[in-house]
Amino acid sequence: MNDTVNLSLPSKPEYVSVARLTASFVANKMGFDIEAIEDIKLAVGEACNNAVLHSGSKDTYNLEFRQNNETLSIEIKDFGNGFDFNNYHEPMLEDPQESGLGLFIIKALMDEVKIDTEEGLGTKIIMSKIVE
């Protein structure tokens with residue numbers, strides 16, 4: 001199975017649920033168990049929240065769900081400000097802050113995560129999970 005599902009969503013918080021529902025549908029169709037589906041939905045929600053809240057873009061962001069054999073790859077691309085990834089630091093769990101856990105959560109839930117960002121050009125997060 002090599003299906004691809006593409007979405008373009010407004011950069012508004014109320015549309016994040018559309019991305020989460022799509023992730024749930026695609027993951028269920030691929031045969032992920034309920035725990036993995038919930039992990040995927042949470043990771044997608046975190047990435048979309050980052051796109052909406054931190055990108056600085058008022059327009060849209062794109063999602064691409066790629067099913068390839070036993071792997072689901074999800075790409076979330078915003079067209080905002082981007083950021084200097086070299087200045088990103090993992091959160092200190094002993095002293096949690098109100099925000100800043102999104103990338104940490106995504107990395108904890110998915111099998112592979114790649115972040116491509118450049119100031120002024122937006123951010124792309126590619127995450128994948130293997131059906132077990």
# chains A, B, ... in the order shown; residues from 1 in each chain; ligands from 1

call {"tool": "residues_around", "arguments": {"residues": "Ala19 of chain A", "least_positions_apart": "6", "cutoff": "12 Å", "atoms": "only C-alpha atoms", "output": "ChimeraX atom specification"}}
result
/A:5-13,25-26,40-49,51,61-65,74-76

call {"tool": "write_last_selection", "arguments": {"atoms": "C-alpha atoms", "output": "JSON list (two decimals), in the first residue's frame"}}
result
[["chain", "number", "residue", "atom", "x", "y", "z"],
["A", 5, "VAL", "CA", -3.25, 11.88, 1.85],
["A", 6, "ASN", "CA", -2.65, 15.64, 1.62],
["A", 7, "LEU", "CA", -4.28, 18.39, 3.67],
["A", 8, "SER", "CA", -3.92, 22.14, 3.69],
["A", 9, "LEU", "CA", -5.36, 23.65, 6.85],
["A", 10, "PRO", "CA", -5.88, 27.22, 8.00],
["A", 11, "SER", "CA", -3.41, 28.35, 10.67],
["A", 12, "LYS", "CA", -6.15, 28.43, 13.30],
["A", 13, "PRO", "CA", -6.31, 26.26, 16.45],
["A", 25, "PHE", "CA", -8.20, 7.37, 10.18],
["A", 26, "VAL", "CA", -4.98, 6.73, 8.24],
["A", 40, "ILE", "CA", 0.27, 9.34, 16.45],
["A", 41, "LYS", "CA", -2.72, 11.63, 17.07],
["A", 42, "LEU", "CA", -0.93, 13.32, 19.96],
["A", 43, "ALA", "CA", 2.29, 13.80, 17.96],
["A", 44, "VAL", "CA", 0.37, 15.24, 15.00],
["A", 45, "GLY", "CA", -1.57, 17.54, 17.32],
["A", 46, "GLU", "CA", 1.65, 18.82, 18.90],
["A", 47, "ALA", "CA", 3.26, 19.47, 15.51],
["A", 48, "CYS", "CA", 0.15, 21.25, 14.23],
["A", 49, "ASN", "CA", -0.10, 23.34, 17.40],
["A", 51, "ALA", "CA", 2.70, 25.38, 13.28],
["A", 61, "TYR", "CA", 0.10, 24.82, 6.77],
["A", 62, "ASN", "CA", 0.27, 21.51, 4.92],
["A", 63, "LEU", "CA", 0.18, 17.90, 6.03],
["A", 64, "GLU", "CA", 1.10, 14.84, 4.03],
["A", 65, "PHE", "CA", 0.39, 11.32, 5.30],
["A", 74, "ILE", "CA", 3.72, 12.35, 8.31],
["A", 75, "GLU", "CA", 5.08, 15.65, 7.08],
["A", 76, "ILE", "CA", 3.84, 18.92, 8.56]]

call {"tool": "residues_around", "arguments": {"residues": "Leu121 of chain A", "least_positions_apart": "3", "cutoff": "7 Å", "atoms": "only C-alpha atoms", "output": "list of chain:residue names"}}
result
A:Phe79, A:Gly80, A:Asn81, A:Gly82, A:Glu118

call {"tool": "closest_residue", "arguments": {"among": "A:Lys77, A:Leu72, A:Thr60, A:Ala27", "to": "Met127 of chain A", "atoms": "only C-alpha atoms"}}
result
A:Leu72

call {"tool": "atom_distance", "arguments": {"atom1": "atom CA of Ile130 of chain A", "atom2": "atom CA of Asn50 of chain A"}}
result
23.5 Å
